[in-house]
Amino acid sequence: MSVFSNSARNKTLRELLERDGIIRSLGAHDVFTARIVEQAGFETVFVGGFGASASRLGMPDLNLITMTEMAEAVRRMAGRVSIPVVADGDTGHGDIANVMRCVEEFEQAGASGILLEDQVSPKRCGHFGGKEVIDTEHFLLKLKAALRARSDPDFVIIARTDARAVNGLDDAIDRVERAAGLGVDCVFVEAPQSLAELEDIPRRVKHPLLVNMLTGGATPILTICDLQELGYKIAVFPIESLMITYTAVNRLAQTLMQEGSLKSIEAELASFSDLKRLLGFDEFLGLRKALDE
C-alpha cells in the first residue's frame, strides 16, 4: 500500500505554480472520486465545502460542516492520492486563532494548499445570494495569521475574496492585490459576473490567479485553454463530480424502480474489474506476499 509524502506533494504544487501553463483541478466530493480525478491525469484535486457538505452531511454549503470534519475529509483523500490536494478552508472557521488552527490541521492532514476567504461567518457558497464580507483590514490580519501558521514554506495559501458580489469588482481587486502584497501564493476573485470581468481581472492583477468554473453559477464558463490565454493560473471545476453523480445515480435508481433490472443501462456501468483496479485491489492482496519476501 502506497504512502504518499506530504512534503513532496507540497513541492509539486509549488513547482506547478512557478512553471508555465495552467493547473487543472477538479473537485472531488469523496476519496473514490479523487482516485478517478488522479487517474484521469489532473495536476491537483480540490476538496470544497460544497462537495464535502453534500457527501458527508447531505446538507448545503452554509458553513454547516466543521473544521475538523473538513480536515478529516482532507486526511482521507490525501491518504489515497499522490497528486496535491487543495482544500477549502472557508473563513478559517472563526477568527485569527481559528485560522491558524485550520491551517495547521489541514497541513497536518496532508493538504498542499488551502483557500481562505473574507466572508462573514457563517459563510455560504460563493455563488449563493446574500453574502457579506468582513472589512479588508480584518481579512488581511487573518491572512497574516495563516502565513505564520504554516510549517512548510511550500504549503500554498490562496486568498479568496467574495467582495465582488457585495462591494463591486474594484474592491475585490484591491483586496486580492493587498493580499498578494502580504505574500500569499495565489489569489482568487470569486464569482465574476461576465466575460468582461473574467478578462479584466488578470489584466489588473499580476499575481497567480485561481478561477472557479462552477457550472450553473454566476460566472460564465470558459474552456481551460481560454482561461490560460486570459492569464489564469489555476482552473477549478468544483462540484461537477457531484452534479454528474446525481445524474448517474438518479438514472440508476429510476431504471431499477421502473424496469426491475439494470439491463437497459448495463453497458454504461463500470466493470467490476475497473473498480478493483481503481481501488488498488491487487496491491492490498499482495501485502502478505510482499512482507514475506
# chains A, B, ... in the order shown; residues from 1 in each chain; ligands from 1
call {"tool": "select_by_dssp", "arguments": {"residues": "region 15-211 of chain A", "states": "alpha helix (DSSP H)", "output": "ChimeraX atom specification"}}
result
/A:15-18,31-40,49-52,67-78,96-109,136-149,164-167,169-182,195-204
call {"tool": "write_last_selection", "arguments": {"atoms": "C-alpha atoms", "output": "JSON list (two decimals), in the first residue's frame"}}
result
[["chain", "number", "residue", "atom", "x", "y", "z"],
["A", 15, "GLU", "CA", 6.66, 23.89, -8.80],
["A", 16, "LEU", "CA", 3.37, 23.85, -10.74],
["A", 17, "LEU", "CA", 2.70, 27.42, -9.60],
["A", 18, "GLU", "CA", 6.13, 28.56, -10.72],
["A", 31, "VAL", "CA", -11.97, 9.67, -1.89],
["A", 32, "PHE", "CA", -13.37, 7.39, -4.58],
["A", 33, "THR", "CA", -13.91, 10.42, -6.82],
["A", 34, "ALA", "CA", -10.44, 11.74, -6.00],
["A", 35, "ARG", "CA", -8.93, 8.47, -7.23],
["A", 36, "ILE", "CA", -10.77, 8.91, -10.54],
["A", 37, "VAL", "CA", -9.54, 12.52, -10.82],
["A", 38, "GLU", "CA", -5.95, 11.39, -10.28],
["A", 39, "GLN", "CA", -6.32, 8.52, -12.75],
["A", 40, "ALA", "CA", -7.57, 10.98, -15.39],
["A", 49, "GLY", "CA", -17.04, 22.81, 1.28],
["A", 50, "PHE", "CA", -19.99, 22.27, -1.07],
["A", 51, "GLY", "CA", -18.96, 18.75, -2.06],
["A", 52, "ALA", "CA", -17.88, 17.75, 1.45],
["A", 67, "MET", "CA", -13.21, 22.48, 10.50],
["A", 68, "THR", "CA", -12.40, 19.08, 11.98],
["A", 69, "GLU", "CA", -14.81, 17.35, 9.57],
["A", 70, "MET", "CA", -13.13, 19.11, 6.64],
["A", 71, "ALA", "CA", -9.67, 18.20, 7.95],
["A", 72, "GLU", "CA", -10.75, 14.57, 8.17],
["A", 73, "ALA", "CA", -12.04, 14.71, 4.58],
["A", 74, "VAL", "CA", -8.62, 16.04, 3.55],
["A", 75, "ARG", "CA", -6.84, 13.33, 5.54],
["A", 76, "ARG", "CA", -8.79, 10.54, 3.91],
["A", 77, "MET", "CA", -8.24, 11.97, 0.43],
["A", 78, "ALA", "CA", -4.55, 12.75, 0.87],
["A", 96, "ILE", "CA", -7.44, 34.69, 13.88],
["A", 97, "ALA", "CA", -6.67, 31.81, 16.26],
["A", 98, "ASN", "CA", -9.16, 29.60, 14.40],
["A", 99, "VAL", "CA", -7.48, 30.44, 11.09],
["A", 100, "MET", "CA", -4.11, 29.40, 12.48],
["A", 101, "ARG", "CA", -5.50, 26.12, 13.78],
["A", 102, "CYS", "CA", -7.28, 25.49, 10.47],
["A", 103, "VAL", "CA", -4.03, 25.91, 8.52],
["A", 104, "GLU", "CA", -2.16, 23.66, 10.95],
["A", 105, "GLU", "CA", -4.85, 20.95, 10.85],
["A", 106, "PHE", "CA", -5.17, 20.98, 7.05],
["A", 107, "GLU", "CA", -1.41, 20.90, 6.57],
["A", 108, "GLN", "CA", -1.03, 18.00, 9.03],
["A", 109, "ALA", "CA", -3.90, 16.20, 7.29],
["A", 136, "THR", "CA", -10.30, 44.48, 4.33],
["A", 137, "GLU", "CA", -8.00, 45.07, 7.30],
["A", 138, "HIS", "CA", -9.57, 42.19, 9.20],
["A", 139, "PHE", "CA", -9.18, 39.94, 6.15],
["A", 140, "LEU", "CA", -5.51, 40.84, 5.84],
["A", 141, "LEU", "CA", -4.94, 40.13, 9.54],
["A", 142, "LYS", "CA", -6.42, 36.66, 9.10],
["A", 143, "LEU", "CA", -4.15, 36.03, 6.11],
["A", 144, "LYS", "CA", -1.11, 37.12, 8.13],
["A", 145, "ALA", "CA", -2.13, 34.58, 10.74],
["A", 146, "ALA", "CA", -2.42, 31.89, 8.06],
["A", 147, "LEU", "CA", 1.03, 32.65, 6.67],
["A", 148, "ARG", "CA", 2.54, 32.48, 10.15],
["A", 149, "ALA", "CA", 0.79, 29.19, 10.95],
["A", 164, "ARG", "CA", -17.38, 41.31, -5.97],
["A", 165, "ALA", "CA", -21.00, 40.50, -5.11],
["A", 166, "VAL", "CA", -21.06, 42.86, -2.12],
["A", 167, "ASN", "CA", -18.91, 45.90, -2.91],
["A", 169, "LEU", "CA", -15.13, 44.43, -8.68],
["A", 170, "ASP", "CA", -12.80, 47.32, -7.77],
["A", 171, "ASP", "CA", -12.96, 46.49, -4.08],
["A", 172, "ALA", "CA", -12.45, 42.79, -4.80],
["A", 173, "ILE", "CA", -9.34, 43.54, -6.87],
["A", 174, "ASP", "CA", -8.00, 45.87, -4.20],
["A", 175, "ARG", "CA", -8.39, 43.11, -1.62],
["A", 176, "VAL", "CA", -6.52, 40.48, -3.60],
["A", 177, "GLU", "CA", -3.78, 42.93, -4.54],
["A", 178, "ARG", "CA", -3.24, 43.74, -0.87],
["A", 179, "ALA", "CA", -3.37, 40.04, -0.01],
["A", 180, "ALA", "CA", -0.68, 39.34, -2.59],
["A", 181, "GLY", "CA", 1.39, 42.09, -1.02],
["A", 182, "LEU", "CA", 1.42, 40.12, 2.23],
["A", 195, "LEU", "CA", -16.87, 37.64, -19.65],
["A", 196, "ALA", "CA", -15.66, 41.24, -19.46],
["A", 197, "GLU", "CA", -14.92, 40.80, -15.75],
["A", 198, "LEU", "CA", -13.14, 37.49, -16.36],
["A", 199, "GLU", "CA", -10.95, 39.30, -18.88],
["A", 200, "ASP", "CA", -10.43, 42.35, -16.66],
["A", 201, "ILE", "CA", -9.21, 40.55, -13.54],
["A", 202, "PRO", "CA", -5.96, 39.07, -14.97],
["A", 203, "ARG", "CA", -5.24, 42.35, -16.78],
["A", 204, "ARG", "CA", -5.29, 44.17, -13.45]]
call {"tool": "select_by_dssp", "arguments": {"residues": "region 135-186 of chain A", "states": "strand (DSSP E)", "output": "VMD selection string"}}
result
chain A and resid 156 to 161 186
call {"tool": "atom_distance", "arguments": {"atom1": "CA of Ala159 (chain A)", "atom2": "CA of Gly79 (chain A)"}}
result
25.3 Å
call {"tool": "closest_residue", "arguments": {"among": "A:Ile224, A:Ile239, A:Ile22, A:Ile158", "to": "Phe46 (chain A)", "atoms": "only C-alpha atoms"}}
result
A:Ile239
call {"tool": "closest_atom_pairs", "arguments": {"of": "region 185-247 of chain A", "to": "region 122-134 of chain A", "cutoff": "7 Å", "atoms": "only C-alpha atoms", "output": "JSON lines"}}
result
{"residue": "A:Glu190", "atom": "CA", "partner": "A:Gly126", "partner_atom": "CA", "distance": 6.5}
{"residue": "A:Ala191", "atom": "CA", "partner": "A:His127", "partner_atom": "CA", "distance": 6.4}
{"residue": "A:Gly217", "atom": "CA", "partner": "A:His127", "partner_atom": "CA", "distance": 5.7}
{"residue": "A:Ala218", "atom": "CA", "partner": "A:His127", "partner_atom": "CA", "distance": 6.0}
call {"tool": "write_last_selection", "arguments": {"atoms": "C-alpha atoms", "output": "PDB file, in the first residue's frame"}}
result
ATOM      1  CA  GLU A 190     -14.961  34.652  -6.505  1.00  0.00           C
ATOM      2  CA  ALA A 191     -17.943  34.860  -8.847  1.00  0.00           C
ATOM      3  CA  GLY A 217     -23.167  29.576 -11.190  1.00  0.00           C
ATOM      4  CA  ALA A 218     -22.744  33.335 -11.587  1.00  0.00           C
TER       5      ALA A 218
END
call {"tool": "atom_distance", "arguments": {"atom1": "CA of Val85 (chain A)", "atom2": "CA of Asn10 (chain A)"}}
result
8.9 Å
call {"tool": "atom_distance", "arguments": {"atom1": "CA of Arg251 (chain A)", "atom2": "CA of Ile265 (chain A)"}}
result
8.9 Å
call {"tool": "closest_atom_pairs", "arguments": {"of": "region 201-253 of chain A", "to": "region 183-189 of chain A", "cutoff": "7 Å", "atoms": "only C-alpha atoms", "output": "JSON lines"}}
result
{"residue": "A:His207", "atom": "CA", "partner": "A:Cys186", "partner_atom": "CA", "distance": 6.7}
{"residue": "A:Pro208", "atom": "CA", "partner": "A:Cys186", "partner_atom": "CA", "distance": 4.8}
{"residue": "A:Leu209", "atom": "CA", "partner": "A:Val187", "partner_atom": "CA", "distance": 5.1}
{"residue": "A:Leu210", "atom": "CA", "partner": "A:Phe188", "partner_atom": "CA", "distance": 5.0}
{"residue": "A:Val211", "atom": "CA", "partner": "A:Phe188", "partner_atom": "CA", "distance": 6.3}
call {"tool": "residues_around", "arguments": {"residues": "Thr215 (chain A)", "least_positions_apart": "2", "cutoff": "10 Å", "atoms": "only C-alpha atoms", "output": "JSON, numbers by chain"}}
result
{"A": [212, 213, 217, 218, 219, 220, 221, 237, 238, 239, 240, 243]}
call {"tool": "residues_around", "arguments": {"residues": "Val47 (chain A)", "least_positions_apart": "4", "cutoff": "6 Å", "atoms": "only C-alpha atoms", "output": "VMD selection string"}}
result
chain A and resid 27 to 28 87
call {"tool": "decode", "arguments": {"residues": "region 151-215 of chain A", "atoms": "C-alpha atoms", "output": "PDB file, in the first residue's frame"}}
result
ATOM      1  CA  SER A 151       5.147  24.942   8.880  1.00  0.00           C
ATOM      2  CA  ASP A 152       6.216  24.041   5.327  1.00  0.00           C
ATOM      3  CA  PRO A 153       7.004  27.107   3.193  1.00  0.00           C
ATOM      4  CA  ASP A 154       5.879  25.124   0.131  1.00  0.00           C
ATOM      5  CA  PHE A 155       2.349  24.825   1.571  1.00  0.00           C
ATOM      6  CA  VAL A 156       0.245  27.156  -0.598  1.00  0.00           C
ATOM      7  CA  ILE A 157      -2.012  29.871   0.827  1.00  0.00           C
ATOM      8  CA  ILE A 158      -4.749  31.063  -1.558  1.00  0.00           C
ATOM      9  CA  ALA A 159      -6.611  34.251  -0.644  1.00  0.00           C
ATOM     10  CA  ARG A 160     -10.215  34.363  -1.855  1.00  0.00           C
ATOM     11  CA  THR A 161     -12.477  37.397  -1.815  1.00  0.00           C
ATOM     12  CA  ASP A 162     -16.255  37.384  -2.157  1.00  0.00           C
ATOM     13  CA  ALA A 163     -16.353  41.194  -2.277  1.00  0.00           C
ATOM     14  CA  ARG A 164     -17.382  41.309  -5.972  1.00  0.00           C
ATOM     15  CA  ALA A 165     -20.997  40.498  -5.109  1.00  0.00           C
ATOM     16  CA  VAL A 166     -21.056  42.856  -2.118  1.00  0.00           C
ATOM     17  CA  ASN A 167     -18.914  45.900  -2.915  1.00  0.00           C
ATOM     18  CA  GLY A 168     -18.108  45.552  -6.618  1.00  0.00           C
ATOM     19  CA  LEU A 169     -15.128  44.427  -8.677  1.00  0.00           C
ATOM     20  CA  ASP A 170     -12.802  47.320  -7.767  1.00  0.00           C
ATOM     21  CA  ASP A 171     -12.957  46.488  -4.079  1.00  0.00           C
ATOM     22  CA  ALA A 172     -12.445  42.785  -4.801  1.00  0.00           C
ATOM     23  CA  ILE A 173      -9.335  43.537  -6.871  1.00  0.00           C
ATOM     24  CA  ASP A 174      -7.996  45.875  -4.198  1.00  0.00           C
ATOM     25  CA  ARG A 175      -8.395  43.110  -1.623  1.00  0.00           C
ATOM     26  CA  VAL A 176      -6.520  40.476  -3.603  1.00  0.00           C
ATOM     27  CA  GLU A 177      -3.776  42.931  -4.538  1.00  0.00           C
ATOM     28  CA  ARG A 178      -3.241  43.736  -0.872  1.00  0.00           C
ATOM     29  CA  ALA A 179      -3.374  40.037  -0.008  1.00  0.00           C
ATOM     30  CA  ALA A 180      -0.680  39.338  -2.590  1.00  0.00           C
ATOM     31  CA  GLY A 181       1.387  42.094  -1.015  1.00  0.00           C
ATOM     32  CA  LEU A 182       1.420  40.118   2.229  1.00  0.00           C
ATOM     33  CA  GLY A 183       2.981  37.142   0.470  1.00  0.00           C
ATOM     34  CA  VAL A 184       0.087  34.778  -0.202  1.00  0.00           C
ATOM     35  CA  ASP A 185       0.858  32.457  -3.074  1.00  0.00           C
ATOM     36  CA  CYS A 186      -2.290  32.779  -5.187  1.00  0.00           C
ATOM     37  CA  VAL A 187      -5.399  34.978  -5.210  1.00  0.00           C
ATOM     38  CA  PHE A 188      -8.992  34.374  -6.194  1.00  0.00           C
ATOM     39  CA  VAL A 189     -11.842  36.757  -7.005  1.00  0.00           C
ATOM     40  CA  GLU A 190     -14.961  34.652  -6.505  1.00  0.00           C
ATOM     41  CA  ALA A 191     -17.943  34.860  -8.847  1.00  0.00           C
ATOM     42  CA  PRO A 192     -17.101  37.429 -11.543  1.00  0.00           C
ATOM     43  CA  GLN A 193     -20.367  38.031 -13.364  1.00  0.00           C
ATOM     44  CA  SER A 194     -19.434  38.483 -17.018  1.00  0.00           C
ATOM     45  CA  LEU A 195     -16.866  37.636 -19.652  1.00  0.00           C
ATOM     46  CA  ALA A 196     -15.661  41.239 -19.458  1.00  0.00           C
ATOM     47  CA  GLU A 197     -14.919  40.797 -15.748  1.00  0.00           C
ATOM     48  CA  LEU A 198     -13.142  37.487 -16.356  1.00  0.00           C
ATOM     49  CA  GLU A 199     -10.948  39.303 -18.877  1.00  0.00           C
ATOM     50  CA  ASP A 200     -10.432  42.351 -16.663  1.00  0.00           C
ATOM     51  CA  ILE A 201      -9.212  40.555 -13.539  1.00  0.00           C
ATOM     52  CA  PRO A 202      -5.959  39.070 -14.975  1.00  0.00           C
ATOM     53  CA  ARG A 203      -5.245  42.347 -16.782  1.00  0.00           C
ATOM     54  CA  ARG A 204      -5.290  44.167 -13.449  1.00  0.00           C
ATOM     55  CA  VAL A 205      -3.938  41.509 -11.078  1.00  0.00           C
ATOM     56  CA  LYS A 206      -0.357  40.450 -11.837  1.00  0.00           C
ATOM     57  CA  HIS A 207      -0.192  37.578  -9.384  1.00  0.00           C
ATOM     58  CA  PRO A 208      -1.091  33.881  -9.747  1.00  0.00           C
ATOM     59  CA  LEU A 209      -4.882  33.728 -10.100  1.00  0.00           C
ATOM     60  CA  LEU A 210      -7.350  30.960  -9.382  1.00  0.00           C
ATOM     61  CA  VAL A 211     -10.652  30.919 -11.249  1.00  0.00           C
ATOM     62  CA  ASN A 212     -13.755  28.948 -10.278  1.00  0.00           C
ATOM     63  CA  MET A 213     -15.773  27.380 -13.111  1.00  0.00           C
ATOM     64  CA  LEU A 214     -18.977  26.364 -11.316  1.00  0.00           C
ATOM     65  CA  THR A 215     -21.448  25.086 -13.899  1.00  0.00           C
TER      66      THR A 215
END
